[in-house]
$ cat target.txt   # compact mmCIF, C-alpha atoms and all ligand atoms
# COMPACT_ATOMS: atom_id res chain seq x y z
CA MET Q 1 -0.41 -34.07 1.79
CA ASP Q 2 -4.20 -34.33 2.24
CA ASP Q 3 -4.60 -34.57 -1.54
CA LEU Q 4 -2.50 -37.73 -1.92
CA ALA Q 5 -4.03 -41.20 -2.18
CA PRO Q 6 -2.32 -43.74 0.13
CA GLN Q 7 -0.49 -45.44 -2.77
CA GLU Q 8 0.69 -42.08 -4.17
CA ALA Q 9 1.99 -41.16 -0.73
CA ALA Q 10 3.82 -44.49 -0.56
CA VAL Q 11 5.47 -43.88 -3.96
CA LEU Q 12 6.49 -40.36 -2.86
CA ASP Q 13 7.95 -41.82 0.32
CA GLN Q 14 10.06 -44.27 -1.72
CA ILE Q 15 11.30 -41.46 -4.00
CA SER Q 16 12.14 -39.21 -1.02
CA ARG Q 17 14.21 -42.00 0.52
CA ASN Q 18 16.04 -42.68 -2.75
CA PRO Q 19 15.55 -40.13 -5.55
CA PHE Q 20 17.51 -42.44 -7.92
CA ALA Q 21 15.21 -45.45 -7.43
CA GLY Q 22 13.94 -46.95 -10.69
CA GLN Q 23 10.21 -47.46 -11.23
CA GLN Q 24 10.60 -51.26 -11.11
CA GLU Q 25 12.49 -50.96 -7.83
CA ILE Q 26 9.66 -48.86 -6.35
CA ALA Q 27 7.06 -51.27 -7.76
CA ASP Q 28 8.83 -54.24 -6.16
CA ALA Q 29 9.17 -52.47 -2.82
CA LEU Q 30 5.46 -51.69 -2.74
CA GLY Q 31 4.22 -54.89 -4.38
CA ILE Q 32 2.46 -53.06 -7.25
CA ALA Q 33 2.86 -52.98 -11.05
CA ARG Q 34 5.53 -50.77 -12.66
CA SER Q 35 2.86 -49.12 -14.84
CA THR Q 36 0.96 -48.16 -11.66
CA VAL Q 37 4.11 -46.52 -10.29
CA ALA Q 38 4.49 -44.60 -13.60
CA ALA Q 39 0.90 -43.33 -13.31
CA HIS Q 40 1.49 -42.21 -9.70
CA VAL Q 41 4.68 -40.39 -10.73
CA VAL Q 42 2.70 -38.42 -13.34
CA GLN Q 43 0.16 -37.46 -10.64
CA LEU Q 44 2.92 -36.47 -8.19
CA ILE Q 45 4.47 -34.18 -10.83
CA LYS Q 46 1.06 -32.65 -11.56
CA LYS Q 47 0.42 -32.01 -7.88
CA GLY Q 48 3.86 -30.46 -7.41
CA TYR Q 49 5.33 -33.04 -5.05
CA ILE Q 50 8.16 -33.83 -7.43
CA LEU Q 51 9.53 -31.40 -9.94
CA GLY Q 52 10.11 -33.60 -12.96
CA ARG Q 53 10.54 -37.06 -14.37
CA GLY Q 54 14.13 -37.26 -13.16
CA TYR Q 55 12.79 -36.75 -9.61
CA VAL Q 56 14.45 -33.33 -9.51
CA LEU Q 57 14.47 -32.08 -5.93
CA PRO Q 58 13.88 -28.36 -5.21
CA THR Q 59 16.76 -25.86 -5.36
CA SER Q 60 18.38 -25.31 -2.01
CA GLY Q 61 19.44 -21.92 -0.67
CA GLN Q 62 16.33 -20.36 -2.12
CA VAL Q 63 14.06 -17.77 -0.50
CA LEU Q 64 10.47 -18.71 -1.22
CA CYS Q 65 7.90 -15.89 -0.96
CA ILE Q 66 4.24 -16.86 -0.56
CA GLY Q 67 1.34 -14.42 -0.61
CA GLY Q 68 -0.23 -11.50 -2.39
CA ALA Q 69 0.29 -10.21 -5.92
CA VAL Q 70 -1.82 -7.16 -6.64
CA PHE Q 71 -2.28 -4.59 -9.39
CA ASP Q 72 -2.53 -1.10 -7.86
CA ARG Q 73 -4.33 1.75 -9.58
CA LYS Q 74 -4.28 5.23 -8.08
CA TYR Q 75 -6.12 8.25 -9.42
CA ARG Q 76 -5.33 11.75 -8.15
CA ALA Q 77 -8.08 14.28 -8.71
CA LEU Q 78 -7.01 17.38 -10.61
CA GLN Q 79 -9.77 19.44 -8.94
CA PRO Q 80 -11.71 18.98 -5.67
CA LEU Q 81 -13.73 15.73 -6.00
CA VAL Q 82 -17.46 15.96 -6.69
CA ALA Q 83 -19.62 12.90 -5.94
CA GLU Q 84 -21.93 11.29 -8.52
CA THR Q 85 -20.22 12.80 -11.54
CA SER Q 86 -17.08 12.33 -13.64
CA ASN Q 87 -13.91 13.85 -12.16
CA PRO Q 88 -10.72 14.48 -14.15
CA VAL Q 89 -7.77 12.60 -12.63
CA GLU Q 90 -4.12 11.76 -13.16
CA ALA Q 91 -3.61 7.96 -13.12
CA PHE Q 92 -0.73 5.95 -11.59
CA HIS Q 93 -0.43 2.18 -12.05
CA SER Q 94 1.96 -0.09 -10.22
CA PHE Q 95 2.50 -3.65 -9.09
CA GLY Q 96 1.79 -4.38 -5.44
CA GLY Q 97 1.13 -7.12 -2.91
CA VAL Q 98 3.54 -7.53 -0.02
CA ALA Q 99 4.99 -10.91 -1.06
CA ARG Q 100 5.26 -9.72 -4.69
CA ASN Q 101 7.10 -6.57 -3.64
CA VAL Q 102 9.42 -8.52 -1.34
CA VAL Q 103 10.25 -11.11 -4.01
CA GLU Q 104 11.00 -8.40 -6.60
CA ASN Q 105 13.30 -6.56 -4.17
CA LEU Q 106 15.13 -9.82 -3.36
CA ALA Q 107 15.52 -10.71 -7.04
CA ARG Q 108 16.98 -7.26 -7.74
CA LEU Q 109 19.43 -7.88 -4.89
CA GLY Q 110 20.57 -11.05 -6.66
CA GLU Q 111 18.97 -13.63 -4.34
CA PRO Q 112 17.68 -16.88 -5.87
CA VAL Q 113 13.94 -16.54 -5.23
CA GLY Q 114 10.72 -18.42 -5.87
CA PHE Q 115 7.19 -17.06 -5.72
CA VAL Q 116 3.95 -18.78 -4.77
CA SER Q 117 0.77 -16.79 -5.37
CA ILE Q 118 -2.41 -16.79 -7.43
CA LEU Q 119 -3.31 -14.64 -10.43
CA GLY Q 120 -6.28 -14.47 -12.78
CA ASP Q 121 -5.91 -15.49 -16.42
CA ASP Q 122 -6.24 -11.80 -17.36
CA GLN Q 123 -4.11 -8.95 -18.66
CA THR Q 124 -2.95 -7.73 -15.25
CA GLY Q 125 -2.16 -11.30 -14.14
CA HIS Q 126 0.02 -11.97 -17.18
CA HIS Q 127 1.63 -8.54 -16.79
CA ILE Q 128 2.62 -9.30 -13.15
CA LEU Q 129 3.87 -12.78 -14.06
CA GLY Q 130 5.97 -11.59 -17.03
CA HIS Q 131 7.52 -8.76 -14.99
CA LEU Q 132 8.62 -11.12 -12.18
CA ARG Q 133 9.94 -13.67 -14.67
CA ASP Q 134 11.99 -10.89 -16.30
CA GLN Q 135 13.54 -10.16 -12.88
CA GLY Q 136 14.68 -13.79 -12.60
CA VAL Q 137 12.02 -14.91 -10.11
CA ASP Q 138 11.04 -18.61 -10.34
CA VAL Q 139 7.31 -18.22 -11.05
CA SER Q 140 6.69 -21.87 -11.93
CA ARG Q 141 4.54 -22.35 -8.82
CA VAL Q 142 2.27 -19.32 -9.36
CA ILE Q 143 -1.30 -20.55 -9.84
CA ILE Q 144 -3.24 -19.08 -12.78
CA ALA Q 145 -6.97 -19.28 -12.02
CA PRO Q 146 -9.01 -19.14 -15.27
CA ASP Q 147 -12.23 -18.23 -13.45
CA ALA Q 148 -11.02 -15.47 -11.11
CA THR Q 149 -9.67 -11.94 -11.49
CA THR Q 150 -6.20 -10.83 -10.39
CA ALA Q 151 -6.28 -8.98 -7.07
CA GLU Q 152 -6.65 -5.25 -7.52
CA TYR Q 153 -6.37 -2.21 -5.29
CA GLY Q 154 -7.79 1.13 -6.36
CA ALA Q 155 -7.43 4.50 -4.66
CA ILE Q 156 -9.03 7.82 -5.46
CA LEU Q 157 -6.97 10.64 -4.02
CA THR Q 158 -7.74 14.29 -3.42
CA PRO Q 159 -5.65 16.89 -5.31
CA ALA Q 160 -3.39 16.97 -2.18
CA GLY Q 161 -2.80 13.20 -2.43
CA GLU Q 162 -4.99 12.22 0.56
CA LEU Q 163 -7.04 9.05 0.24
CA ALA Q 164 -10.68 9.88 -0.59
CA LEU Q 165 -11.83 6.33 -1.42
CA GLY Q 166 -10.05 3.00 -1.51
CA ILE Q 167 -11.31 -0.23 -3.07
CA ALA Q 168 -9.82 -3.69 -2.85
CA ASP Q 169 -10.70 -6.92 -4.67
CA MET Q 170 -8.64 -9.60 -2.96
CA ALA Q 171 -11.13 -12.50 -3.10
CA ILE Q 172 -8.76 -14.58 -5.25
CA PHE Q 173 -6.43 -15.09 -2.25
CA ASP Q 174 -9.13 -17.22 -0.55
CA ARG Q 175 -8.04 -19.92 -3.02
CA LEU Q 176 -4.57 -20.13 -1.51
CA THR Q 177 -5.90 -22.89 0.74
CA PRO Q 178 -3.92 -25.39 2.86
CA ALA Q 179 -4.47 -27.91 -0.01
CA ALA Q 180 -2.87 -25.44 -2.46
CA LEU Q 181 0.04 -25.10 -0.03
CA SER Q 182 0.37 -28.91 0.09
CA ARG Q 183 0.78 -28.97 -3.68
CA VAL Q 184 3.90 -26.78 -3.45
CA TRP Q 185 5.15 -28.32 -0.23
CA SER Q 186 8.30 -29.77 -1.77
CA HIS Q 187 9.31 -26.19 -2.68
CA VAL Q 188 8.51 -24.91 0.80
CA ALA Q 189 10.42 -27.72 2.49
CA GLY Q 190 13.36 -27.31 0.10
CA ALA Q 191 13.78 -23.54 0.66
CA ALA Q 192 16.33 -22.08 3.06
CA TRP Q 193 14.02 -19.20 3.99
CA VAL Q 194 10.26 -18.91 3.59
CA PHE Q 195 8.50 -15.54 3.67
CA ALA Q 196 4.70 -15.44 3.85
CA ASP Q 197 2.34 -12.47 4.06
CA ALA Q 198 -1.00 -12.25 5.85
CA ASN Q 199 -2.86 -12.06 2.53
CA LEU Q 200 -2.98 -15.85 2.95
CA PRO Q 201 -6.15 -17.23 4.58
CA ALA Q 202 -5.91 -17.87 8.34
CA GLU Q 203 -6.02 -21.68 7.88
CA THR Q 204 -3.13 -21.52 5.39
CA LEU Q 205 -1.03 -19.38 7.75
CA ALA Q 206 -1.82 -21.83 10.56
CA ALA Q 207 -0.85 -24.80 8.35
CA LEU Q 208 2.39 -23.09 7.36
CA ILE Q 209 3.29 -22.48 11.01
CA ARG Q 210 2.25 -25.99 12.12
CA ARG Q 211 4.05 -27.79 9.29
CA HIS Q 212 7.18 -25.74 9.87
CA GLU Q 213 7.89 -27.76 13.02
CA GLY Q 214 11.02 -29.78 12.35
CA GLY Q 215 11.53 -28.07 8.94
CA ARG Q 216 15.00 -26.93 7.90
CA TYR Q 217 13.95 -23.52 6.64
CA GLN Q 218 13.38 -20.31 8.61
CA LEU Q 219 9.78 -19.07 8.56
CA THR Q 220 9.21 -15.30 8.36
CA ILE Q 221 5.84 -13.54 8.14
CA ASP Q 222 4.61 -9.97 7.47
CA GLY Q 223 1.39 -8.64 9.04
CA VAL Q 224 0.28 -6.64 5.90
CA SER Q 225 -2.46 -4.56 7.62
CA THR Q 226 -4.19 -4.13 11.00
CA HIS Q 227 -7.07 -6.21 9.67
CA LYS Q 228 -5.05 -9.04 8.09
CA ILE Q 229 -2.54 -9.53 10.90
CA ARG Q 230 -5.41 -10.70 13.11
CA LYS Q 231 -5.45 -13.91 11.06
CA LEU Q 232 -2.31 -15.04 12.89
CA PRO Q 233 -2.81 -17.46 15.79
CA ALA Q 234 -2.50 -16.18 19.37
CA ASP Q 235 0.49 -18.45 19.89
CA LEU Q 236 3.25 -17.15 17.62
CA SER Q 237 5.67 -20.00 18.22
CA GLY Q 238 6.91 -21.53 14.99
CA ILE Q 239 7.51 -18.05 13.49
CA ASP Q 240 11.24 -17.31 13.26
CA LEU Q 241 10.76 -13.63 12.41
CA LEU Q 242 7.57 -11.56 12.44
CA PHE Q 243 7.50 -8.19 10.63
CA MET Q 244 4.84 -5.64 11.62
CA ASN Q 245 4.42 -1.89 11.62
CA ALA Q 246 3.37 -0.21 14.87
CA ASP Q 247 -0.35 -0.21 14.00
CA GLU Q 248 -0.32 -3.91 13.07
CA ALA Q 249 1.60 -4.80 16.25
CA ALA Q 250 -1.02 -2.97 18.34
CA ALA Q 251 -3.84 -4.84 16.57
CA LEU Q 252 -2.19 -8.24 16.99
CA LEU Q 253 -0.99 -7.84 20.54
CA ASP Q 254 -3.85 -5.75 22.02
CA LEU Q 255 -1.51 -2.91 22.91
CA PRO Q 256 -1.82 0.86 22.46
CA VAL Q 257 -0.21 2.01 19.18
CA ALA Q 258 3.49 2.79 19.79
CA ARG Q 259 4.27 6.50 19.57
CA ASP Q 260 8.04 6.24 19.66
CA LEU Q 261 10.79 3.67 19.20
CA PRO Q 262 10.99 2.57 22.87
CA GLU Q 263 7.25 1.77 22.70
CA ALA Q 264 7.84 -0.08 19.41
CA LEU Q 265 10.47 -2.11 21.26
CA ASP Q 266 7.86 -2.99 23.92
CA ALA Q 267 5.63 -4.28 21.10
CA ALA Q 268 8.48 -6.36 19.62
CA ARG Q 269 9.16 -7.82 23.10
CA ALA Q 270 5.46 -8.65 23.46
CA ALA Q 271 5.53 -10.61 20.18
CA VAL Q 272 8.53 -12.57 21.43
CA ALA Q 273 6.69 -13.22 24.71
CA ARG Q 274 3.85 -14.66 22.57
CA GLY Q 275 6.28 -17.16 21.04
CA ALA Q 276 7.85 -15.51 17.97
CA LYS Q 277 11.59 -16.18 17.88
CA ARG Q 278 12.28 -12.64 16.62
CA ALA Q 279 10.08 -9.59 15.94
CA GLN Q 280 10.70 -6.39 13.97
CA VAL Q 281 8.33 -3.44 14.50
CA SER Q 282 8.62 -0.54 12.05
CA MET Q 283 7.59 3.10 12.58
CA GLY Q 284 8.00 4.82 9.21
CA ALA Q 285 10.30 7.85 9.33
CA GLN Q 286 11.19 7.15 12.98
CA GLY Q 287 12.82 3.79 12.27
CA LEU Q 288 12.25 0.37 13.81
CA ALA Q 289 12.75 -1.83 16.86
CA ILE Q 290 13.83 -5.46 17.12
CA ALA Q 291 13.60 -8.11 19.83
CA GLY Q 292 14.60 -11.76 19.99
CA ASP Q 293 17.63 -13.94 19.35
CA GLY Q 294 19.31 -12.30 22.36
CA TYR Q 295 18.87 -8.75 21.03
CA GLU Q 296 16.61 -5.86 22.06
CA LEU Q 297 17.28 -2.56 20.36
CA VAL Q 298 15.90 0.40 18.47
CA ILE Q 299 17.26 1.39 15.08
CA PRO Q 300 16.59 4.99 14.00
CA ALA Q 301 15.59 5.50 10.36
CA VAL Q 302 18.30 6.26 7.83
CA PRO Q 303 17.76 9.95 6.91
CA ALA Q 304 16.03 10.18 3.52
CA ALA Q 305 14.42 12.81 1.29
CA SER Q 306 11.07 11.10 0.90
CA VAL Q 307 9.06 11.45 -2.32
CA ASP Q 308 6.75 8.38 -2.03
CA ILE Q 309 6.48 6.10 1.01
CA THR Q 310 4.75 3.24 -0.87
CA GLY Q 311 6.70 0.00 -0.56
CA ALA Q 312 9.02 1.11 2.27
CA GLY Q 313 7.91 -1.67 4.61
CA ASP Q 314 8.21 -4.36 1.95
CA ALA Q 315 11.68 -3.16 0.95
CA MET Q 316 12.63 -3.20 4.64
CA VAL Q 317 11.52 -6.84 4.86
CA ALA Q 318 13.55 -7.72 1.75
CA GLY Q 319 16.64 -5.90 3.03
CA THR Q 320 16.45 -7.69 6.38
CA LEU Q 321 16.02 -11.09 4.70
CA HIS Q 322 18.81 -10.41 2.20
CA ALA Q 323 21.26 -9.73 5.05
CA LEU Q 324 20.06 -12.71 7.14
CA VAL Q 325 20.40 -15.05 4.15
CA SER Q 326 23.98 -13.77 3.74
CA GLY Q 327 24.67 -14.82 7.33
CA HIS Q 328 24.58 -11.42 9.08
CA ASP Q 329 23.25 -11.10 12.64
CA PHE Q 330 19.77 -9.77 13.38
CA PRO Q 331 20.78 -6.13 14.20
CA THR Q 332 22.90 -5.84 11.03
CA ALA Q 333 20.05 -7.33 9.02
CA ALA Q 334 17.51 -4.89 10.52
CA ARG Q 335 19.83 -1.95 9.74
CA THR Q 336 20.06 -3.16 6.14
CA GLY Q 337 16.25 -3.28 6.19
CA ALA Q 338 16.07 0.33 7.43
CA LEU Q 339 18.43 1.38 4.61
CA MET Q 340 16.26 -0.39 2.04
CA GLY Q 341 13.19 1.42 3.42
CA ALA Q 342 15.02 4.76 3.09
CA LEU Q 343 16.18 3.98 -0.46
CA THR Q 344 12.62 3.12 -1.45
CA VAL Q 345 10.99 6.32 -0.15
CA GLU Q 346 13.53 8.34 -2.16
CA THR Q 347 12.06 7.30 -5.53
CA PRO Q 348 8.43 7.19 -6.76
CA GLY Q 349 8.27 3.42 -7.46
CA THR Q 350 7.05 0.73 -5.05
CA VAL Q 351 10.30 -1.14 -5.75
CA ARG Q 352 13.31 1.00 -6.56
CA ALA Q 353 14.11 0.51 -10.26
CA ASP Q 354 17.89 1.01 -9.92
CA LEU Q 355 18.19 -1.37 -6.97
CA GLY Q 356 21.07 -3.84 -7.04
CA ARG Q 357 23.44 -5.63 -4.68
CA GLU Q 358 26.40 -3.33 -5.37
CA MET Q 359 24.24 -0.21 -5.20
CA LEU Q 360 22.96 -1.33 -1.76
CA GLU Q 361 26.51 -2.03 -0.55
CA THR Q 362 27.68 1.41 -1.70
CA HIS Q 363 24.83 3.10 0.20
CA ALA Q 364 25.50 0.90 3.26
CA ARG Q 365 29.13 2.08 3.37
CA SER Q 366 28.21 5.75 3.16
CA ARG Q 367 24.88 5.89 5.02
CA LEU Q 368 24.91 3.27 7.77
CA THR Q 369 26.56 4.67 10.88
CA ALA Q 370 28.08 2.65 13.72
CA PRO Q 371 25.37 1.00 15.86
CA SER Q 372 25.95 3.27 18.87
CA ALA Q 373 25.98 6.57 16.96
CA ALA Q 374 22.78 8.58 17.20
CA ALA Q 375 21.27 9.17 13.78
CA PRO Q 376 20.00 12.67 12.96
CA ALA Q 377 16.28 13.14 12.44
CA PRO Q 378 15.23 12.29 8.89
CA GLU Q 379 14.61 15.21 6.62
CA LEU Q 380 11.21 15.05 4.98
CA THR Q 381 10.16 16.88 1.87
CA THR Q 382 6.72 17.34 0.38
CA PRO Q 383 5.65 14.24 -1.54
CA THR Q 384 5.43 14.72 -5.29
CA THR Q 385 3.45 11.56 -6.06
CA PRO Q 386 0.54 9.93 -4.23
CA THR Q 387 1.81 8.52 -0.97
CA THR Q 388 -1.15 6.46 0.16
CA PRO Q 389 0.16 2.96 0.62
CA ALA Q 390 -1.86 0.11 -0.82
CA THR Q 391 -3.52 -2.14 1.73
CA ALA Q 392 -2.01 -5.43 0.66
N1 LIG Q 401 10.41 8.73 5.42
C1 LIG Q 401 11.31 7.78 5.71
N2 LIG Q 401 12.62 8.09 5.85
C2 LIG Q 401 13.54 7.16 6.12
N3 LIG Q 401 13.25 5.85 6.29
C3 LIG Q 401 11.97 5.48 6.19
C4 LIG Q 401 10.92 6.40 5.88
N4 LIG Q 401 9.75 5.74 5.83
C5 LIG Q 401 10.05 4.44 6.09
N5 LIG Q 401 11.38 4.27 6.30
C6 LIG Q 401 12.08 3.04 6.67
O1 LIG Q 401 11.35 1.91 6.22
C7 LIG Q 401 10.89 1.14 7.33
C8 LIG Q 401 9.52 0.59 7.04
O2 LIG Q 401 8.60 1.64 6.84
P1 LIG Q 401 7.14 1.66 7.46
O3 LIG Q 401 7.21 1.54 8.94
O4 LIG Q 401 6.44 2.84 6.89
O5 LIG Q 401 6.53 0.30 6.89
P2 LIG Q 401 5.02 -0.09 6.60
O6 LIG Q 401 4.12 0.68 7.49
O7 LIG Q 401 4.99 -1.56 6.62
O8 LIG Q 401 4.87 0.44 5.14
P3 LIG Q 401 4.17 -0.24 3.89
O9 LIG Q 401 2.95 0.57 3.67
O10 LIG Q 401 5.20 -0.09 2.79
O11 LIG Q 401 3.88 -1.66 4.24
C9 LIG Q 401 10.96 2.07 8.53
O12 LIG Q 401 11.15 1.32 9.72
C10 LIG Q 401 12.14 2.95 8.20
O13 LIG Q 401 13.35 2.33 8.61
MG MG Q 402 4.12 -3.25 5.73
$ encode --input "target.txt" --output "structure tokens"
Amino acid sequence: MDDLAPQEAAVLDQISRNPFAGQQEIADALGIARSTVAAHVVQLIKKGYILGRGYVLPTSGQVLCIGGAVFDRKYRALQPLVAETSNPVEAFHSFGGVARNVVENLARLGEPVGFVSILGDDQTGHHILGHLRDQGVDVSRVIIAPDATTAEYGAILTPAGELALGIADMAIFDRLTPAALSRVWSHVAGAAWVFADANLPAETLAALIRRHEGGRYQLTIDGVSTHKIRKLPADLSGIDLLFMNADEAAALLDLPVARDLPEALDAARAAVARGAKRAQVSMGAQGLAIAGDGYELVIPAVPAASVDITGAGDAMVAGTLHALVSGHDFPTAARTGALMGALTVETPGTVRADLGREMLETHARSRLTAPSAAAPAPELTTPTTPTTPATA
């Protein structure tokens, strides 16, 4: 609330206590003119503290996703790459950004979701916004910056699909400051679950964790990359669930990179020892490990014929959240996450286009075995599309 003048804050306080209060009533309580109250209400709407003239409070039961929205461009060389000249390529374009991918997965699973991010006032920005709106995501709190470009990731791949050169323009995320977070705080505070990714600046992640104290929602965070996860504070208390892959866990916790699921479980335990209420550490085709909330266990991957691994981790996050929101326990939620990861590697898209709640339930019935049963090793086939995951 750093961007509120004392009188604005006082008006907001009156409205929070009694959302039906009339402007004259508020004016009398504060000893100011009714017209002054009206002017403050306009400012509070502009700044996002109240949602409309009727003092509409935020929707409850919502999952709010905060973080990166990226446009990914990948180019696979048709012949061995030659430097300093033009190389013929095959191009692949997709939407990316961890929070964007998670929110799209959740929307496809029928969850009421809101998205907080920042886009440029450019073609890719409008394309991302329109696509999420079409999926039913509440995008009313996405910031459109007229003087910045939408985040972009570019990859040049060898004919075999290996990364030859990656480029990332993510500068726009620096604008997701703690003040920007304050402007959407009523949405954060009104959500049942909040998911944030480490594309947010360190100060914003710290503010989110600090302000969560006493909040009603559950705060969940994804590490994004070995570089970005280091933005998290050393003390992880205040985080209800931290998602990381094995590399990110090693970077955050100063541990050797886990080579198998028992070592991934050690990493999850270490995150809990640092204060996280729960931690989920993923290991691609091996599966994942969870610790916290009274549970410590490894969950082997659901066998899948993989064609493109992009988006597996983000789908896993969405699957876990979807099950938690529905009231399932942590192990059941993590198993749903593993299934979502498997479903996502089976198709070329970052988010599976045919994903839906019933489709997920059908797969859960046929592909999720009893917790104690050992799962067979996943069968892997040669990828047919570029498999280099984007970095954000
Ligand atoms: N080849 C696969 N077969 C079956 N399941 C998989 C496969 N790859 C990933 N998964 C499932 O998805 C989960 C998340 O995948 P992974 O560990 O690769 O996430 P990540 O490294 O965060 O990936 P991303 O680049 O999408 O962020 C795994 O724990 C696993 O359950
Ligand atoms: Mg990931």
$ closest_atom_pairs --input "target.txt" --of "range 111-212 of chain Q" --to "range 315-339 of chain Q" --cutoff "12 Å" --atoms "only C-alpha atoms" --output "JSON lines"
{"residue": "Q:Glu111", "atom": "CA", "partner": "Q:His322", "partner_atom": "CA", "distance": 7.3}
{"residue": "Q:Pro112", "atom": "CA", "partner": "Q:His322", "partner_atom": "CA", "distance": 10.4}
{"residue": "Q:Val113", "atom": "CA", "partner": "Q:His322", "partner_atom": "CA", "distance": 10.8}
{"residue": "Q:Ala191", "atom": "CA", "partner": "Q:Val325", "partner_atom": "CA", "distance": 11.3}
{"residue": "Q:Ala192", "atom": "CA", "partner": "Q:Val325", "partner_atom": "CA", "distance": 8.2}
{"residue": "Q:Trp193", "atom": "CA", "partner": "Q:Val325", "partner_atom": "CA", "distance": 7.6}
{"residue": "Q:Val194", "atom": "CA", "partner": "Q:Leu321", "partner_atom": "CA", "distance": 9.8}
{"residue": "Q:Phe195", "atom": "CA", "partner": "Q:Leu321", "partner_atom": "CA", "distance": 8.8}
{"residue": "Q:Ala196", "atom": "CA", "partner": "Q:Val317", "partner_atom": "CA", "distance": 11.0}
{"residue": "Q:Asp197", "atom": "CA", "partner": "Q:Val317", "partner_atom": "CA", "distance": 10.8}
$ residues_near_ligand --input "target.txt" --ligand "ligand LIG 401 (chain Q)" --cutoff "6 Å" --atoms "all atoms listed in the file" --output "PyMOL selection string"
chain Q and resi 245+282-285+287-288+301-304+306+309-314+316+338+341-342+378+389
$ residues_around --input "target.txt" --residues "Gly96 in chain Q" --least-positions-apart "3" --cutoff "9 Å" --atoms "only C-alpha atoms" --output "ChimeraX atom specification"
/Q:68-72,99-101,152-153,311,350,390,392
$ residues_around --input "target.txt" --residues "Leu181 in chain Q" --least-positions-apart "2" --cutoff "10 Å" --atoms "all atoms listed in the file" --output "PyMOL selection string"
chain Q and resi 1+48+66+116-117+176-179+183-188+204-205+207-208
$ write_last_selection --input "target.txt" --atoms "C-alpha atoms" --output "mmCIF file, in the coordinates of the input"
data_model
loop_
_atom_site.group_PDB
_atom_site.id
_atom_site.type_symbol
_atom_site.label_atom_id
_atom_site.label_comp_id
_atom_site.auth_asym_id
_atom_site.auth_seq_id
_atom_site.Cartn_x
_atom_site.Cartn_y
_atom_site.Cartn_z
ATOM 1 C CA MET Q 1 -0.410 -34.070 1.790
ATOM 2 C CA GLY Q 48 3.860 -30.460 -7.410
ATOM 3 C CA ILE Q 66 4.240 -16.860 -0.560
ATOM 4 C CA VAL Q 116 3.950 -18.780 -4.770
ATOM 5 C CA SER Q 117 0.770 -16.790 -5.370
ATOM 6 C CA LEU Q 176 -4.570 -20.130 -1.510
ATOM 7 C CA THR Q 177 -5.900 -22.890 0.740
ATOM 8 C CA PRO Q 178 -3.920 -25.390 2.860
ATOM 9 C CA ALA Q 179 -4.470 -27.910 -0.010
ATOM 10 C CA ARG Q 183 0.780 -28.970 -3.680
ATOM 11 C CA VAL Q 184 3.900 -26.780 -3.450
ATOM 12 C CA TRP Q 185 5.150 -28.320 -0.230
ATOM 13 C CA SER Q 186 8.300 -29.770 -1.770
ATOM 14 C CA HIS Q 187 9.310 -26.190 -2.680
ATOM 15 C CA VAL Q 188 8.510 -24.910 0.800
ATOM 16 C CA THR Q 204 -3.130 -21.520 5.390
ATOM 17 C CA LEU Q 205 -1.030 -19.380 7.750
ATOM 18 C CA ALA Q 207 -0.850 -24.800 8.350
ATOM 19 C CA LEU Q 208 2.390 -23.090 7.360
#
$ closest_residue --input "target.txt" --among "Q:Gly110, Q:Pro19, Q:Gly238, Q:Gly67" --to "Met359 in chain Q" --atoms "all atoms listed in the file"
Q:Gly110
$ closest_residue --input "target.txt" --among "Q:Gln123, Q:Asn199, Q:Gln14, Q:Ser366" --to "ligand MG 402 (chain Q)" --atoms "only C-alpha atoms and all ligand atoms"
Q:Asn199
$ closest_residue --input "target.txt" --among "Q:Gln135, Q:Thr150, Q:Ser94, Q:Thr226" --to "Pro348 in chain Q" --atoms "only C-alpha atoms"
Q:Ser94
